[in-house]
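A.B. asks: Let me begin by handing over the structure; questions about it come next.
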There are 2 protein chains.
Amino acid sequence: MDINILLFNDFEPLDVFGPMEVFLHADGFRVNLFTLDKASSIKSYDQISLDAKSVSDINKEGVLLIPGGAATRTLISDTAFLKKLALLASKATYCLTVCTGSALLAATHFMDGKRATSNKLAFDWVTGSNTQVNWVKEARWIVDDRLYSSSGVSAGIDMSLAFLADTVNEEFADNIAHDIEYIRVKDNNNDPFS
Amino acid sequence: MDINILLFNDFEPLDVFGPMEVFLHADGFRVNLFTLDKASSIKSYDQISLDAKSVSDINKEGVLLIPGGAATRTLISDTAFLKKLALLASKATYCLTVCTGSALLAATHFMDGKRATSNKLAFDWVTGSNTQVNWVKEARWIVDDRLYSSSGVSAGIDMSLAFLADTVNEEFADNIAHDIEYIRVKDNNNDPFS
């Protein structure tokens, strides 16, 4: 299965690299870093400069993962970006959001009527951006049908492991957590930051 | 303070990006990704292609952070690489190792006589590579004077936060953990993977 991670300038690094570390250790899953435009170099924090594939080079029926970051504050008003994102989300087997990535997917109306969570420091901004979503404040992550949404940054690691536990099995997820010496949060109600 | 993160091909992503996320949120700290040679593009897992500075462009009196990864199995026999690393380690204010990065620093003899830990899945290989180090198996991380060493992959995040708690203060580290919604391991004896 393809895990297609959307990159844009000023993404939050661990929103991408936390889930990526999990999926790189998952046999049968292939990670693709891509942008919504043509292949290009994507930057974050002036320290990271990363090559990303073109959207035309990915299997759109894979899993779409949307990170957060400072850029979401402007991308949420970029109608061309949101139109492309809406199309991708409609084709994806699952949509996974990390942190304020939820605000972008919510802006496409893909999440209307669904339960979801987001970053807790930015929670008022995210939830105010689309009140048609059933936002849940106290949650490490939330699952609603084909949508997985996580709280801020590090929570994306727990959500990714939970996704693998759900779609493969619990032992598969536990083995990856063991490989990367990650102490999993297995209870999505365990949210000390809400 | 400069946090100089050493990159090489086939580094383990979260060994780098976990600590990096912590230090990017630390006021007064500046992250630099560098290689021991001239500036170049560094690759990992065929998905990550990252720009790194030249070693000549960093402040060598900063903090040196050495990640692990598959490449350590060959770099440990690369005498030119180890000679450069030994020189850097001698100049650094602190040396931090994540995962099998400890094997590389140990091979420079910087760690001889010091207490240290490493990745638990690769523990026998790492500890067998230099028996002059006082290896500690059950530890999330170990501090010995200017040397911080962590267990595998994710443990680098806890070690980085502990480093900030020690060198700045506990509240500073707690605030960063809160910002990135990371549930800290504060007790370095808490090692479920040993």
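Convention: chains lettered A, B, ... in structure tokens order; per-chain residue numbering from 1; ligands numbered from 1 as shown.
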Find the residues near range 100-109 of chain B: any atom within 10 Å, counting only C-alpha atoms, skip ones fewer than 3 places away on the same chain, and give them as a ChimeraX atom specification.
C.D. replies: /B:6,11-12,15,65-79,81-87,89,95-97,112-114,116-123,125-133,148-153
A.B. asks: May I have the residues of chain A within 9 Å of chain B, counting only C-alpha atoms, written as a PyMOL selection string?
C.D. replies: chain A and resi 12-14+17-18+20-21+24+31-33+45+47-52+119-121+151-155+178-183+185+191-193
A.B. asks: Using DSSP on the backbone, list every residue of range 92-188 of chain B that comes out as strand (DSSP E), and give them as a list in words.
C.D. replies: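 The strand (DSSP E) subset of range 92-188 of chain B is Tyr94, Cys95, Leu96, Thr97, Arg115, Ala116, Asn134, Trp135, Trp141, Ile142, Val143, Asp144, Leu147, Tyr148, Ser149 and Ser150 of chain B.
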A.B. asks: In Å, with one decimal, what is the gap from CA of Asn189 in chain A to CA of Glu170 in chain A?
C.D. replies: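 So the two atoms, CA of Asn189 in chain A and CA of Glu170 in chain A, lie 17.6 Å apart.
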A.B. asks: Within range 25-167 of chain A, find each residue whose DSSP state, derived from the backbone, is helix (DSSP H, G or I), and express the selection as a ChimeraX atom specification.
C.D. replies: /A:55-57,72-75,79-91,101-107,123-129,155-167
A.B. asks: Env of Ala173 in chain B: 6 Å cut, atoms = only C-alpha atoms, seq-sep filter 5 positions within chain, self excluded. Answer as number ranges by chain.
C.D. replies: B: 161, 164-165
A.B. asks: Select, from A:Asp187, A:Asp27, A:Asp37, A:Asp145, the residue with the minimum atom-to-atom distance to Ser54 in chain A, counting only C-alpha atoms.
C.D. replies: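 Of A:Asp187, A:Asp27, A:Asp37, A:Asp145, the one nearest Ser54 in chain A, counting only C-alpha atoms, is A:Asp37.
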